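*Asks:* Before anything else, here's the structure in question.
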Amino acid sequence: MSTLTTTRGVDKAAALTGAPHENLLKERLFRGVLLACLVFATFFLVVLFAYIIIEGAARFDANLFLNQFSQISPETAGGQSAILGTIYLGLLVIAITVPLGTAAAVYLEEYATKGSRLSRTIDVNIQNLAAVPSVVYGLLGLGIFVRVIFGEPTLLVGGLILSLLVLPVVIVAAREAIKAVPPSLREGSLGLGATRWQTTWKMVLPNAIPGIATGVILAVSRAIGEAAPLVVIGVGLITFNPNSLDDRFTALPILIFDTAKRPQEAFQDLSAALIIVSLILLIVLNSTAIFIRNRYTRKW
Amino acid sequence: MTTSPNPTTGVGVPTSAPKTEGPRITLEHEEHGDRERAPMDMIVRTEDLDVYYGDFWAVRKVTMDVARNQITALIGPSGCGKSTVLRCFNRMNDLIPTARVEGHVTYHGQDLYAKNVDPVEVRRQVGMVFQRPNPFPKTIFENVAYGPKVSGVKYSRSDLDDLVVEALKGAALWEEVKAEYKDKSGLALSGGQQQRLCIARAIATEPEIILMDEPCSALDPIATALIEDLMQELVTKYTVIIVTHNMQQAARVSDRTAFFTANLDDRGQRFGELVEYDYTAKLFSNPADSRTEDYISGRFG
């Protein structure tokens, strides 16, 4: 068998099995750098989790959910009103953003004239609104909802402000979900004599639900972690549960903030335990989003 | 190809086609081996149909009649406007914001583009089957029941079921799906079955006309043959207008064929026009226009 050689006279077969090339070393180095970046990013997250769990595990008990916060007995104080307040806020945000966000997205995707000056202006501004700092929404809420309309920072005001805060995110997510419904389904529906309304309602929205739901849940998990806008509108520590939309309320981030800055060790532990509650809520919400996304994978 | 400026419109009109009585092309006589079904009844007529997309004058001066209970094929090279013309018959062009239609499309004497005409009602009477099978992500039953359900007519459960079964039978799909049509998703069917499901869906709304926009272009030869056989069944009850790229298909299935081509006007703008419209047997054996002859003999397109 004759040996194959390249034009430059190098033995091809020998080149294949030769000593590791410089390329291979570079490859390994690059891989190492990437891995280091990943470790750096996750290391602090893991440390944070570990610290919180070690600090808060002892206080993560029934008292946390059954008792109200108390300044005089930090060892048995809980955060019932704050936990309930946060859950109510989450539900309110869902109730407000789902219809508003979906309707806005349907208008922009299905009804507005694409590429018109108006729809382009709206488009850009929604993107901008999503980037506005949450404190600004707090100021808006203070100026309009608290001072002019409702008079005090009630549960409804909190829900409205957090809804406004995440509405742009919901609209963008809902638009993407609606855009992902193939045009051929719309054509098919309209071609069978369905009106635009029927097509939207019976064809587009049912197929966009998974995307919309995922967007809403992620938005809610952002909303219930917000403290800044609530602080600005004057939500304080309140040790009774809100019973109606007109009641004043408190929320987990507010209570966590309050307990964390107290010097006593017991309050610090309580704060860590409340953070665990917060994390559990977020994990549940995010898992639901992932579940929905996997459950309704694209069928076309 | 020879064109001369038309003194009234300034647009090039073909001179090679010997047209003695103006641009209207009406075929009202039974001849050339046409399907034996008399008296001939013209169900749709276009008169000087122009379609614009924004400033672009896409299709110019199309005048043709479509006979009831016959298969009319629209053929021609890409960009000749045949699909655009087809979409005028059920006002699907309305969905394109920039599209504008001038001239007349009359259906039973009613101008489909008159101001008081509801395009939704037009589409209930003129069904459509698209190029790529587009079953809804629902069960086979729900796919077929969709049209009746959106029609506003209240059907009882059993009436709806009868309607669906009839439509599936009418589309030659019933035997293949009868065991599981209420549970199986329309998307679980093969490509050819999906297209027949789309035909079943269209006939469930009890239209008079079925438009087919290259219904077999995404299908294999066996599935294509099934659909072509089905068309012969359908045409006993409905009027079928089909756009096809496939000349052999037009020759095989249709009674009348309209040949469109893409042309350049004086300003170098591309547009589609109707070149020749005749009985299929005549058009394919003895075309009147040299461009038709070039196309069907495979010299272009």
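Labeling convention for the structure tokens: chains A, B, ... as they appear, residues from 1 per chain, ligands from 1 in order of appearance.
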Find the residues near segment 169-171 of chain A: any atom within 8 Å, counting only C-alpha atoms, skip ones fewer than 3 places away on the same chain, and give them as a list in words.
*Replies:* Thr97, Val98, Gly101, Thr102, Ala104, Ala105, Ala130, Val166, Ala174, Arg175, Ile212, Gly215, Val216 and Ala219 of chain A
*Asks:* May I have a table of the residues of chain B lying at most 7 Å from chain A, giving each one's closest pair of atoms and their distance in Å to one decimal, counting only C-alpha atoms, ordered by chain and ascending residue number, as a Markdown table?
*Replies:*
| residue | atom | partner | partner_atom | distance |
| --- | --- | --- | --- | --- |
| B:Val120 | CA | A:Gly193 | CA | 4.9 |
| B:Glu121 | CA | A:Gly193 | CA | 6.3 |
| B:Arg123 | CA | A:Gly193 | CA | 4.8 |
| B:Arg124 | CA | A:Gly193 | CA | 4.5 |
| B:Gly127 | CA | A:Leu192 | CA | 6.3 |
| B:Met128 | CA | A:Gly191 | CA | 5.9 |
| B:Asn134 | CA | A:Ser184 | CA | 6.1 |
| B:Phe136 | CA | A:Leu185 | CA | 6.3 |
| B:Pro137 | CA | A:Lys299 | CA | 6.6 |
| B:Gly147 | CA | A:Leu192 | CA | 5.3 |
| B:Val150 | CA | A:Ala194 | CA | 5.5 |
| B:Ser151 | CA | A:Gly193 | CA | 6.9 |
| B:Ala202 | CA | A:Leu192 | CA | 6.4 |
*Asks:* I need the residues from that last selection saved to file as a PDB file, in the first residue's frame (with N, CA, C and O atoms), if you can.
*Replies:*
ATOM      1  N   VAL B 120     -67.307  37.780   5.344  1.00  0.00           N
ATOM      2  CA  VAL B 120     -67.445  36.564   6.149  1.00  0.00           C
ATOM      3  C   VAL B 120     -68.512  35.660   5.526  1.00  0.00           C
ATOM      4  O   VAL B 120     -68.335  34.449   5.403  1.00  0.00           O
ATOM      5  N   GLU B 121     -69.603  36.264   5.082  1.00  0.00           N
ATOM      6  CA  GLU B 121     -70.679  35.492   4.457  1.00  0.00           C
ATOM      7  C   GLU B 121     -70.217  34.915   3.115  1.00  0.00           C
ATOM      8  O   GLU B 121     -70.552  33.783   2.766  1.00  0.00           O
ATOM      9  N   ARG B 123     -67.245  33.957   2.429  1.00  0.00           N
ATOM     10  CA  ARG B 123     -66.368  32.798   2.677  1.00  0.00           C
ATOM     11  C   ARG B 123     -67.154  31.592   3.165  1.00  0.00           C
ATOM     12  O   ARG B 123     -66.671  30.467   3.090  1.00  0.00           O
ATOM     13  N   ARG B 124     -68.360  31.831   3.682  1.00  0.00           N
ATOM     14  CA  ARG B 124     -69.187  30.677   4.052  1.00  0.00           C
ATOM     15  C   ARG B 124     -69.732  29.996   2.815  1.00  0.00           C
ATOM     16  O   ARG B 124     -70.004  28.806   2.816  1.00  0.00           O
ATOM     17  N   GLY B 127     -65.869  28.117  -0.202  1.00  0.00           N
ATOM     18  CA  GLY B 127     -64.877  27.515   0.682  1.00  0.00           C
ATOM     19  C   GLY B 127     -63.495  27.500   0.043  1.00  0.00           C
ATOM     20  O   GLY B 127     -63.348  27.746  -1.153  1.00  0.00           O
ATOM     21  N   MET B 128     -62.502  27.235   0.881  1.00  0.00           N
ATOM     22  CA  MET B 128     -61.138  27.262   0.340  1.00  0.00           C
ATOM     23  C   MET B 128     -60.279  26.167   0.950  1.00  0.00           C
ATOM     24  O   MET B 128     -60.358  25.885   2.138  1.00  0.00           O
ATOM     25  N   ASN B 134     -53.604  22.571   6.423  1.00  0.00           N
ATOM     26  CA  ASN B 134     -53.508  23.334   7.674  1.00  0.00           C
ATOM     27  C   ASN B 134     -54.585  22.919   8.661  1.00  0.00           C
ATOM     28  O   ASN B 134     -55.396  23.731   9.084  1.00  0.00           O
ATOM     29  N   PHE B 136     -56.460  22.240  12.050  1.00  0.00           N
ATOM     30  CA  PHE B 136     -56.339  22.908  13.343  1.00  0.00           C
ATOM     31  C   PHE B 136     -55.824  21.906  14.369  1.00  0.00           C
ATOM     32  O   PHE B 136     -56.081  20.709  14.242  1.00  0.00           O
ATOM     33  N   PRO B 137     -55.122  22.376  15.381  1.00  0.00           N
ATOM     34  CA  PRO B 137     -54.656  21.448  16.422  1.00  0.00           C
ATOM     35  C   PRO B 137     -55.807  21.001  17.319  1.00  0.00           C
ATOM     36  O   PRO B 137     -55.847  21.287  18.514  1.00  0.00           O
ATOM     37  N   GLY B 147     -66.390  24.967  11.066  1.00  0.00           N
ATOM     38  CA  GLY B 147     -67.155  25.845  10.171  1.00  0.00           C
ATOM     39  C   GLY B 147     -68.612  25.975  10.595  1.00  0.00           C
ATOM     40  O   GLY B 147     -69.109  27.085  10.796  1.00  0.00           O
ATOM     41  N   VAL B 150     -68.997  28.097  13.804  1.00  0.00           N
ATOM     42  CA  VAL B 150     -68.831  29.547  13.726  1.00  0.00           C
ATOM     43  C   VAL B 150     -69.897  30.201  12.847  1.00  0.00           C
ATOM     44  O   VAL B 150     -69.955  31.420  12.754  1.00  0.00           O
ATOM     45  N   SER B 151     -70.737  29.364  12.211  1.00  0.00           N
ATOM     46  CA  SER B 151     -71.702  29.936  11.270  1.00  0.00           C
ATOM     47  C   SER B 151     -72.850  30.641  11.961  1.00  0.00           C
ATOM     48  O   SER B 151     -73.621  31.343  11.327  1.00  0.00           O
ATOM     49  N   ALA B 202     -63.979  22.152   4.598  1.00  0.00           N
ATOM     50  CA  ALA B 202     -64.558  23.155   3.695  1.00  0.00           C
ATOM     51  C   ALA B 202     -65.978  22.772   3.296  1.00  0.00           C
ATOM     52  O   ALA B 202     -66.855  23.639   3.244  1.00  0.00           O
TER      53      ALA B 202
END
*Asks:* With DSSP run on the backbone, what are the alpha helix (DSSP H) residues within segment 207-284 of chain B? I'd like them as a VMD selection string.
*Replies:* chain B and resid 221 to 234 247 to 253 280 to 284
*Asks:* Using C-alpha atoms, can you write the selected residues to a file as a CSV table (one decimal), in the first residue's frame?
*Replies:*
chain,number,residue,atom,x,y,z
B,221,PRO,CA,-48.2,11.1,-6.1
B,222,ILE,CA,-50.5,8.6,-4.4
B,223,ALA,CA,-52.1,11.2,-2.2
B,224,THR,CA,-52.3,13.5,-5.2
B,225,ALA,CA,-54.2,10.8,-7.2
B,226,LEU,CA,-56.7,10.4,-4.3
B,227,ILE,CA,-57.4,14.1,-4.2
B,228,GLU,CA,-57.7,14.3,-8.0
B,229,ASP,CA,-60.3,11.4,-7.9
B,230,LEU,CA,-62.0,13.2,-5.0
B,231,MET,CA,-62.3,16.4,-7.1
B,232,GLN,CA,-64.3,14.5,-9.7
B,233,GLU,CA,-66.7,13.4,-6.9
B,234,LEU,CA,-66.9,16.9,-5.5
B,247,MET,CA,-50.0,21.3,-16.1
B,248,GLN,CA,-50.6,17.6,-16.3
B,249,GLN,CA,-52.9,17.9,-13.3
B,250,ALA,CA,-54.9,20.7,-15.0
B,251,ALA,CA,-55.1,18.5,-18.1
B,252,ARG,CA,-56.2,15.5,-16.1
B,253,VAL,CA,-58.8,17.0,-13.9
B,280,THR,CA,-59.1,22.2,-21.3
B,281,ALA,CA,-59.1,19.8,-24.2
B,282,LYS,CA,-58.9,22.7,-26.6
B,283,LEU,CA,-56.4,24.7,-24.7
B,284,PHE,CA,-54.0,21.8,-24.4
*Asks:* Set the distance at 12 Å and use only C-alpha atoms: which residues neighbour Glu175 of chain B once local chain neighbours fewer than 6 positions away are removed? I'd like the list as a PyMOL selection string.
*Replies:* chain B and resi 165-166+168-169+181+193
*Asks:* By how many Å are atom CA of Asn128 of chain A and atom CA of Ala208 of chain A apart?
*Replies:*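 Separating atom CA of Asn128 of chain A from atom CA of Ala208 of chain A is a distance of 24.0 Å.
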*Asks:* Fewer than 5 positions away in the same chain doesn't count, so skip those; otherwise give me all residues within 10 Å of Phe141 of chain B, counting only C-alpha atoms, as an NGL selection string.
*Replies:* :B and (146 or 160-161 or 164-165 or 168 or 177 or 180-186 or 197 or 201)
*Asks:* Go ahead and save the picked residues with all heavy atoms, as a compact mmCIF listing (two decimals), in the first residue's frame.
*Replies:*
# COMPACT_ATOMS: atom_id res chain seq x y z
N TYR B 146 -65.81 22.89 12.98
CA TYR B 146 -65.45 24.30 13.21
C TYR B 146 -66.31 25.26 12.37
O TYR B 146 -66.88 26.22 12.90
CB TYR B 146 -63.97 24.51 12.90
CG TYR B 146 -63.45 25.87 13.29
CD1 TYR B 146 -63.00 26.11 14.58
CD2 TYR B 146 -63.39 26.92 12.37
CE1 TYR B 146 -62.51 27.35 14.95
CE2 TYR B 146 -62.91 28.15 12.74
CZ TYR B 146 -62.46 28.38 14.02
OH TYR B 146 -61.99 29.60 14.38
N LEU B 160 -74.95 17.88 14.35
CA LEU B 160 -73.56 18.23 14.10
C LEU B 160 -72.76 16.98 13.77
O LEU B 160 -71.95 16.97 12.85
CB LEU B 160 -72.99 18.95 15.33
CG LEU B 160 -71.68 19.70 15.11
CD1 LEU B 160 -71.86 20.80 14.07
CD2 LEU B 160 -71.19 20.31 16.41
N ASP B 161 -73.04 15.93 14.52
CA ASP B 161 -72.33 14.68 14.28
C ASP B 161 -72.62 14.16 12.87
O ASP B 161 -71.72 13.76 12.15
CB ASP B 161 -72.75 13.64 15.34
CG ASP B 161 -71.78 12.47 15.37
OD1 ASP B 161 -70.57 12.70 15.18
OD2 ASP B 161 -72.24 11.34 15.58
N VAL B 164 -70.75 16.21 10.33
CA VAL B 164 -69.32 15.89 10.30
C VAL B 164 -69.08 14.58 9.56
O VAL B 164 -68.20 14.48 8.70
CB VAL B 164 -68.75 15.82 11.75
CG1 VAL B 164 -67.35 15.23 11.74
CG2 VAL B 164 -68.75 17.21 12.38
N VAL B 165 -69.91 13.58 9.86
CA VAL B 165 -69.74 12.28 9.20
C VAL B 165 -69.96 12.42 7.70
O VAL B 165 -69.18 11.89 6.89
CB VAL B 165 -70.70 11.24 9.81
CG1 VAL B 165 -70.66 9.95 9.01
CG2 VAL B 165 -70.35 10.98 11.27
N LEU B 168 -66.96 14.08 6.16
CA LEU B 168 -65.82 13.16 6.09
C LEU B 168 -66.02 12.14 4.98
O LEU B 168 -65.09 11.78 4.26
CB LEU B 168 -65.61 12.46 7.44
CG LEU B 168 -65.02 13.34 8.54
CD1 LEU B 168 -65.09 12.63 9.89
CD2 LEU B 168 -63.58 13.72 8.24
N VAL B 177 -60.88 7.06 9.09
CA VAL B 177 -60.82 7.68 10.42
C VAL B 177 -62.03 7.34 11.29
O VAL B 177 -62.12 7.82 12.43
CB VAL B 177 -60.71 9.23 10.32
CG1 VAL B 177 -59.45 9.62 9.55
CG2 VAL B 177 -61.94 9.84 9.68
N GLU B 180 -61.78 6.54 15.12
CA GLU B 180 -61.23 7.42 16.15
C GLU B 180 -61.35 8.90 15.81
O GLU B 180 -60.59 9.72 16.31
CB GLU B 180 -59.74 7.06 16.36
CG GLU B 180 -59.01 6.90 15.04
CD GLU B 180 -57.60 6.36 15.18
OE1 GLU B 180 -57.19 6.07 16.31
OE2 GLU B 180 -56.92 6.26 14.15
N TYR B 181 -62.34 9.24 15.00
CA TYR B 181 -62.40 10.63 14.54
C TYR B 181 -62.74 11.61 15.66
O TYR B 181 -62.51 12.81 15.53
CB TYR B 181 -63.36 10.78 13.36
CG TYR B 181 -64.83 10.69 13.71
CD1 TYR B 181 -65.64 11.81 13.68
CD2 TYR B 181 -65.41 9.47 14.05
CE1 TYR B 181 -66.99 11.73 13.99
CE2 TYR B 181 -66.75 9.38 14.35
CZ TYR B 181 -67.53 10.51 14.32
OH TYR B 181 -68.85 10.43 14.64
N LYS B 182 -63.29 11.11 16.75
CA LYS B 182 -63.64 12.03 17.83
C LYS B 182 -62.49 12.26 18.81
O LYS B 182 -62.55 13.15 19.65
CB LYS B 182 -64.86 11.52 18.58
CG LYS B 182 -66.14 11.79 17.79
CD LYS B 182 -67.37 11.76 18.64
CE LYS B 182 -68.55 12.29 17.85
NZ LYS B 182 -69.82 11.82 18.39
N ASP B 183 -61.46 11.41 18.75
CA ASP B 183 -60.36 11.52 19.70
C ASP B 183 -59.05 11.92 19.04
O ASP B 183 -58.23 12.59 19.64
CB ASP B 183 -60.14 10.18 20.42
CG ASP B 183 -61.43 9.66 21.00
OD1 ASP B 183 -62.10 10.45 21.70
OD2 ASP B 183 -61.78 8.49 20.75
N LYS B 184 -58.87 11.48 17.79
CA LYS B 184 -57.57 11.66 17.16
C LYS B 184 -57.40 13.10 16.67
O LYS B 184 -58.34 13.69 16.13
CB LYS B 184 -57.46 10.69 15.99
CG LYS B 184 -56.05 10.53 15.47
CD LYS B 184 -56.02 9.41 14.44
CE LYS B 184 -54.63 9.24 13.87
NZ LYS B 184 -54.57 8.11 12.93
N SER B 185 -56.20 13.64 16.89
CA SER B 185 -55.92 14.99 16.43
C SER B 185 -55.78 15.02 14.91
O SER B 185 -55.25 14.09 14.32
CB SER B 185 -54.63 15.50 17.06
OG SER B 185 -54.18 16.65 16.37
N GLY B 186 -56.27 16.09 14.31
CA GLY B 186 -56.12 16.25 12.86
C GLY B 186 -54.66 16.26 12.45
O GLY B 186 -54.33 15.92 11.32
N LEU B 197 -58.89 16.13 5.07
CA LEU B 197 -59.58 16.69 6.23
C LEU B 197 -59.93 18.16 5.96
O LEU B 197 -61.02 18.63 6.30
CB LEU B 197 -58.71 16.57 7.48
CG LEU B 197 -59.25 17.20 8.75
CD1 LEU B 197 -60.58 16.57 9.16
CD2 LEU B 197 -58.26 17.07 9.90
N ARG B 201 -63.51 19.80 5.93
CA ARG B 201 -63.80 21.00 6.72
C ARG B 201 -64.48 22.04 5.85
O ARG B 201 -65.41 22.71 6.27
CB ARG B 201 -62.45 21.53 7.22
CG ARG B 201 -62.46 22.30 8.45
CD ARG B 201 -61.05 22.47 8.96
NE ARG B 201 -60.23 23.28 8.05
CZ ARG B 201 -58.96 23.56 8.29
NH1 ARG B 201 -58.36 23.10 9.37
NH2 ARG B 201 -58.27 24.29 7.44
*Asks:* To test your reading of the structure, identify every residue in segment 18-258 of chain B that backbone DSSP assigns to strand (DSSP E), and report it as number ranges by chain.
*Replies:* B: 42-53, 56-67, 71-75, 99-107, 110-111, 126-129, 209-213, 239-243, 256-258
*Asks:* Please indicate the distance in Å from atom CA of Asp247 of chain A to atom CA of Leu155 of chain A, rounded to one decimal place.
*Replies:*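 Taking atom CA of Asp247 of chain A as the start and atom CA of Leu155 of chain A as the end point, the length is 6.0 Å.
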*Asks:* Could you name the residues that touch segment 254-256 of chain B at 9 Å or less, counting only C-alpha atoms, but leaving out those on the same chain fewer than 5 positions away, as JSON, numbers by chain?
*Replies:* {"B": [27, 33, 34, 35, 66, 67, 70, 71, 72, 73, 74, 232, 240, 241, 242, 249, 277, 278, 279, 280, 281, 282, 283]}
*Asks:* So that I can check the surroundings of Leu285 of chain A, please list as a list in words every protein, DNA and RNA residue that reaches within 8 Å of it, counting only C-alpha atoms and ignoring chain neighbours fewer than 2 positions away.
*Replies:* Ile217, Leu218, Ser221, Leu281, Leu282, Ile283, Ser287, Thr288 and Ala289 of chain A
*Asks:* I need the chosen residues saved as a PDB file, in the first residue's frame, with N, CA and C atoms.
*Replies:*
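Printed below is part_10.pdb as written:
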ATOM      1  N   ILE A 217     -46.937  34.167  34.663  1.00  0.00           N
ATOM      2  CA  ILE A 217     -46.383  33.598  35.895  1.00  0.00           C
ATOM      3  C   ILE A 217     -45.006  34.189  36.191  1.00  0.00           C
ATOM      4  N   LEU A 218     -44.191  34.313  35.157  1.00  0.00           N
ATOM      5  CA  LEU A 218     -42.871  34.904  35.384  1.00  0.00           C
ATOM      6  C   LEU A 218     -43.014  36.361  35.828  1.00  0.00           C
ATOM      7  N   SER A 221     -43.986  36.417  39.463  1.00  0.00           N
ATOM      8  CA  SER A 221     -42.891  36.110  40.377  1.00  0.00           C
ATOM      9  C   SER A 221     -41.962  37.311  40.513  1.00  0.00           C
ATOM     10  N   LEU A 281     -42.166  30.272  47.237  1.00  0.00           N
ATOM     11  CA  LEU A 281     -43.210  30.812  46.359  1.00  0.00           C
ATOM     12  C   LEU A 281     -42.691  30.982  44.931  1.00  0.00           C
ATOM     13  N   LEU A 282     -41.494  31.546  44.823  1.00  0.00           N
ATOM     14  CA  LEU A 282     -40.924  31.771  43.496  1.00  0.00           C
ATOM     15  C   LEU A 282     -40.666  30.455  42.771  1.00  0.00           C
ATOM     16  N   ILE A 283     -40.128  29.481  43.510  1.00  0.00           N
ATOM     17  CA  ILE A 283     -39.826  28.195  42.866  1.00  0.00           C
ATOM     18  C   ILE A 283     -41.111  27.533  42.387  1.00  0.00           C
ATOM     19  N   SER A 287     -41.735  26.775  38.540  1.00  0.00           N
ATOM     20  CA  SER A 287     -41.940  25.390  38.109  1.00  0.00           C
ATOM     21  C   SER A 287     -43.246  25.259  37.354  1.00  0.00           C
ATOM     22  N   THR A 288     -44.269  25.987  37.818  1.00  0.00           N
ATOM     23  CA  THR A 288     -45.547  25.947  37.113  1.00  0.00           C
ATOM     24  C   THR A 288     -45.361  26.443  35.682  1.00  0.00           C
ATOM     25  N   ALA A 289     -44.592  27.519  35.547  1.00  0.00           N
ATOM     26  CA  ALA A 289     -44.355  28.062  34.204  1.00  0.00           C
ATOM     27  C   ALA A 289     -43.654  27.027  33.330  1.00  0.00           C
TER      28      ALA A 289
END
*Asks:* Show which residues sit within 6 Å of segment 228-243 of chain A, as a VMD selection string. Count only C-alpha atoms, and ignore same-chain residues fewer than 5 positions away.
*Replies:* chain A and resid 68 81 134 to 135 138 142 249 to 250
